[in-house]
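Notes to accompany the following structure.
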Amino acid sequence: MCHSAAVQQAGVNLEHSSIDWSAEENRALWERVRNAVDQKRMPPPPLDPLVDSERQELVSFLSDGLAKNTPFGGSLPRRLNSAEYEATIRDLFDYPQFELPMGFPPDMTSHGFDNVAEGLALSPPLMEAYANTAWEVADFLFPPPRAEAKQRSWDSPPEDMVISFSASTLHDGVMRLVSRSIDIMRSCTWPSRVEIMDSGTYRITLTASQFRPKSKEPMLLEVYAREITASDRSKIQAFRLLKTIEVTSESPETFTFEADLYEGQTPLIRWENAELDHTPEKLVELYTKRFRENPRYLAAYQTALFNEDGSRKSLARLRGRNGHLVIHELIEDESLDMSHATLDSERTKELMKIIDSVGGMQNLGDTLAHEYHDNGPALQLHALKVEGPLKIVDGPKDIQRKEMRLSLAGVKPEDLPREEYARRMLETFLPKAFRRPVDDATVDGYLAIAKEHWAQGHTLDEGIHLLLRNILISPRFLYRGLQPGKLDDYDLASRLSYFLTKGPPDEELLAAARAGKLSDPAELRAQAERLLPTTPKAPLIQSFTGQWLDTRKLSSIMPDAKFEFSETDISIARQEVDAFVTEILNENRPMTDFIDPDFTFTSKNFAAKVYGQKVETSDTADGRAVQRIPMERGGRYGGLLGQSAIMIATANGVDTQPVLRGVWVLDRILGMPSPPPPKNVPALTPDVAGAKTPRELLAAHTKEASCSVCHNRIDPFGFVLENFDPVGRWREEWPKANVPVESAAVLPDGTKVQDVTDLKRWVVGNIDRFSECFGGKLMTYATGRAPNYAERKEIESIVAANHEQGNGARDLVLALIQSETFRTR
């Protein structure tokens with residue numbers, strides 16, 4: 001006997017005259033035994049298997065014992081994970097830009113999720129990080145007194161101005177601007193060494209001139225205030241306009257004005273009415289004019305962008321200064337092909353389509369910019385100087401700080417005696433921070449901390465600073481569900497809110513808790529309806545879906561270059577899953593649509609590139625936009641078993657691995673996670689000589705009896721997905737081996753499947769198994785614990801009832817929220 005008192009294989013002793021069902025560890029052990037026997041993994045080869053009657057009798061005995069003796073609940077104290085903590089700080093202080101500091105300790109995952117109590121231990125480094133972060137938050141609201149602002153002067157010659165793409169260049173010590181765009185990286189420059197330290201009024205002096213103007217109209221130079229931290233890809237609308245200056249002379253003119261600049265800002269310079277406008281429409285107009293005036297210019301572009309047979313060449317070589325030089329070398333070539341150099345030729349029409357595309361705008365716009373840099377018109381910047389502050393003003397941070405301080409107590413700190421203000425602040429703030437009412441003793445305890453600090457000579461601000469730090473490291477803030485016994489209305493409010501929004505309960509939810517209404521299942525359902533996600537960017541979709549389906553991994557996977565799969569493609573693959581799951585919930589579509597839907601969400605270009613869909617592609621917003629696209633049911637693609645993101649997440653970017661995909665299907669689709677391999681089992685058996693395909697390799701590996709039990713369950717689900725390459729394209733042959741993919745398999749229940757379409761039909765035919773898996777994952781994420789035996793039986797009954805009532809996905813989520821599993825600690 002493998003698990004007798006004498007042998008105890010893997011440290012497990014099953015030789016008992018009776019079972020003590022009261023011990024949680026015993027229930028967990030005998031549940032593992034029950035599942036292994038039910039799945040025919042016990043006893044393992046080479047021992048003789050149990051006959052069916054013996055197996056059924058043992059499974060029935062253990063099932064009855066577990067059902068009668070497993071109580072609902074059992075969550076450990078549940079700390080806010082990093083995302084929940086960050087969202088809570090933002091909500092608590094109305095501090096939307098708050099982010100966890102760099103190096104904040106990451107959360108551990110347990111049962112597949114990063115919000116399960118078992119994995120949320122509070123280590124000394126994490127406690128230190130919480131204390132440091134609390135200090136930073138308190139510092140923002142009640143900063144230490146600042147030193148008097150020093151008068152400074154920055155001189156920024158053109159050499160210190162930023163050159164971004166082809167928007168600006170240096171010519172003989174002068175910065176030339178030639179284009180306008182809503183993107184600052186294609187239209188602006190800014191000083192690289194000017195950063196305002198004190199919000200105030202500053203004197204800005206700049207010297208500018210025209211270069212080869214085409215008209216007598218003034219060139220409009222705009223000066224904006226740019227945040228140093230802003231992305232170079234920001235839009236000009238994001239910044240505050242300080243001044244518009246009319247530059248009218250080809251000789252340098254000096255302009256001086258005063259404007260408010262805030263902490264962390266620098267001046268941003270833009271030519272507002274430049275002739276070169278980085279939009280496809282304007283580029284088409286400008287290029288058409290140049291092609292009409294100079295046919296050789298047109299012929300040079302045709303030669304640079306098309307092969308002799310009319311097929312396209314890459315745009316990349318024509319970008320920026322290099323492209324400008326290529327074009328002019330071709331213009332000087334006496335053998336330049338002029339046969340297509342007319343505005344009505346087919347090649348010209350194709351060229352104009354390229355110019356009219358986003359790729360054309362990004363590449364050829366930068367090329368054309370250098371015609372203006374060399375020949376004008378251009379706006380020239382000779383010098384920039386910033387002096388000040390002439391006077392101190394409140395910047396956005398100062399204004400925000402005052403508003404945040406006012407919200408702490410509803411009054412300004414200086415409007416009340418300090419002890420009265422502190423009590424008002426505690427009575428207002430503590431219930432928000434702890435997400436439930438607090439008693440007078442709690443308020444008095446915190447107030448005593450501040451009074452002692454003041455008695456030592458500290459200021460009002462320093463006392464409130466200390467109080468905030470203490471509150472933000474309190475277990476009542478960092479944890480939820482600390483109250484013993486059944487979840488009360490406030491605990492339910494927190495559980496529901498963090499489940500559906502990853503943030504603390506809002507005022508409507510807290511009002512329902514105060515009124516004692518959340519204990520009513522109907523009210524709980526109504527609040528859940530209100531908070532369910534409606535967009536793919538909703539926290540529940542991003543967090544739960546990303547962890548359940550492993551699509552979070554996509555940010556760390558870059559497929560091999562041979563697949564020609566870009567970062568944009570990776571992003572679209574992830575968006576497809578998020579939008580797909582959102583739509584199923586929003587429309588309350590049947591659970592079977594998770595597996596075999598008649599739609600997906602992707603871009604037309606991606607659908608054609610990866611899924612082989614016959615849709616019109618284009619390098620336009622319509623071609624790139626993620627949108628709902630119809631698909632035929634019963635096909636290879638679509639659903640969780642036919643989406644690119646899933647295939648990427650279950651591969652390694654280079655090759656597919658049937659075992660990984662098989663384990664994924666068992667765990668994420670069927671709710672039958674495979675146990676880890678025994679420590680004494682090698683990753684691959686040595687005897688794999690001659691194995692050419694993954695199937696042959698695994699066949700050699702699973703000759704070992706210790707391997708075959710699990711692989712007989714895992715491998716069929718992996719093989720049936722082998723037609724999908726590492727990015728989700730369909731293939732008929734295994735790479736390198738050049739032999740047909742053998743996707744046919746026999747599932748553990750004896751069902752024969754030929755490919756993924758058969759697997760989809762099988763899962764749809766057993767959809768309750770998938771629904772139970774989905775429900776179990778959802779409740780693990782919601783409650784912070786893996787459902788125990790009694791809770792899984794409740795989930796099974798909810799799934800069965802939901803199936804009878806239409807099998808809607810949204811209905812299932814709402815029914816699970818009303819369950820005893822969800823409402824029990």
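A note on labels: chains of the structure tokens are A, B, ... as shown, every chain counts residues from 1, and ligands are counted from 1 in their shown order.
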Quick one: residues within 7 Å of segment 383-390 of chain A, only C-alpha atoms, excluding same-chain residues fewer than 6 positions away - as an MDAnalysis selection string? chainID A and resid 151:158 200:207
Using DSSP secondary structure from the backbone, list all helix (DSSP H, G or I) positions within segment 361-565 of chain A, as number ranges by chain. A: 361-375, 396-409, 413-415, 418-434, 440-455, 460-472, 475-478, 489-501, 507-514, 521-531, 539-548, 551-556, 561-563
Wanna dump the segment 61-157 of chain A-segment 428-450 of chain A contacts at 12 Å for me, each residue with its shortest atom pair and the distance in Å to one decimal, counting only C-alpha atoms, ordered by chain and number, as a Markdown table?
| residue | atom | partner | partner_atom | distance |
| --- | --- | --- | --- | --- |
| A:Tyr85 | CA | A:Ala433 | CA | 11.2 |
| A:Thr88 | CA | A:Ala433 | CA | 8.5 |
| A:Ile89 | CA | A:Ala433 | CA | 8.9 |
| A:Arg90 | CA | A:Ala433 | CA | 11.5 |
| A:Asp91 | CA | A:Lys432 | CA | 9.6 |
| A:Leu92 | CA | A:Ala433 | CA | 6.7 |
| A:Phe93 | CA | A:Phe429 | CA | 9.5 |
| A:Asp94 | CA | A:Lys432 | CA | 11.9 |
Please provide as a CSV table (one decimal) with C-alpha atoms, in the first residue's frame all residues within 10 Å of Gly516 of chain A, with the sequence filter that same-chain residues fewer than 5 positions apart are discarded (counting only C-alpha atoms).
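Once written, out32.csv looks like this:
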chain,number,residue,atom,x,y,z
A,488,ASP,CA,-21.9,42.2,8.2
A,489,ASP,CA,-23.2,44.9,5.8
A,490,TYR,CA,-20.0,46.9,5.9
A,510,LEU,CA,-22.0,52.6,2.3
A,511,ALA,CA,-25.4,54.2,2.6
A,523,GLU,CA,-30.4,44.7,-2.5
For atom CA of Ile399 of chain A and atom CA of Lys451 of chain A, determine how far apart the two atoms are, in Å to one decimal place. 28.2 Å
Skipping near chain neighbours, those fewer than 6 positions away, what residues fall within 6 Å of segment 472-481 of chain A using only C-alpha atoms, listed as number ranges by chain? A: 78-80, 134, 433-434, 491
Residue with smallest distance to Asn788 of chain A - pool A:Gly776, A:Pro96, A:Gly264, A:Gly410, counting only C-alpha atoms: A:Gly776
Please provide the set of residues having any atom within 10 Å of Thr757 of chain A, restricted to only C-alpha atoms, with same-chain residues fewer than 2 positions apart removed, written as a PyMOL selection string. chain A and resi 596+633-637+641-642+720-721+753-755+759-762
Identify which of the residues A:Leu58, A:Ala83, A:Leu406, A:Ile798 lies closest to Gln818 of chain A, counting only C-alpha atoms when measuring atom-to-atom distances. A:Ile798
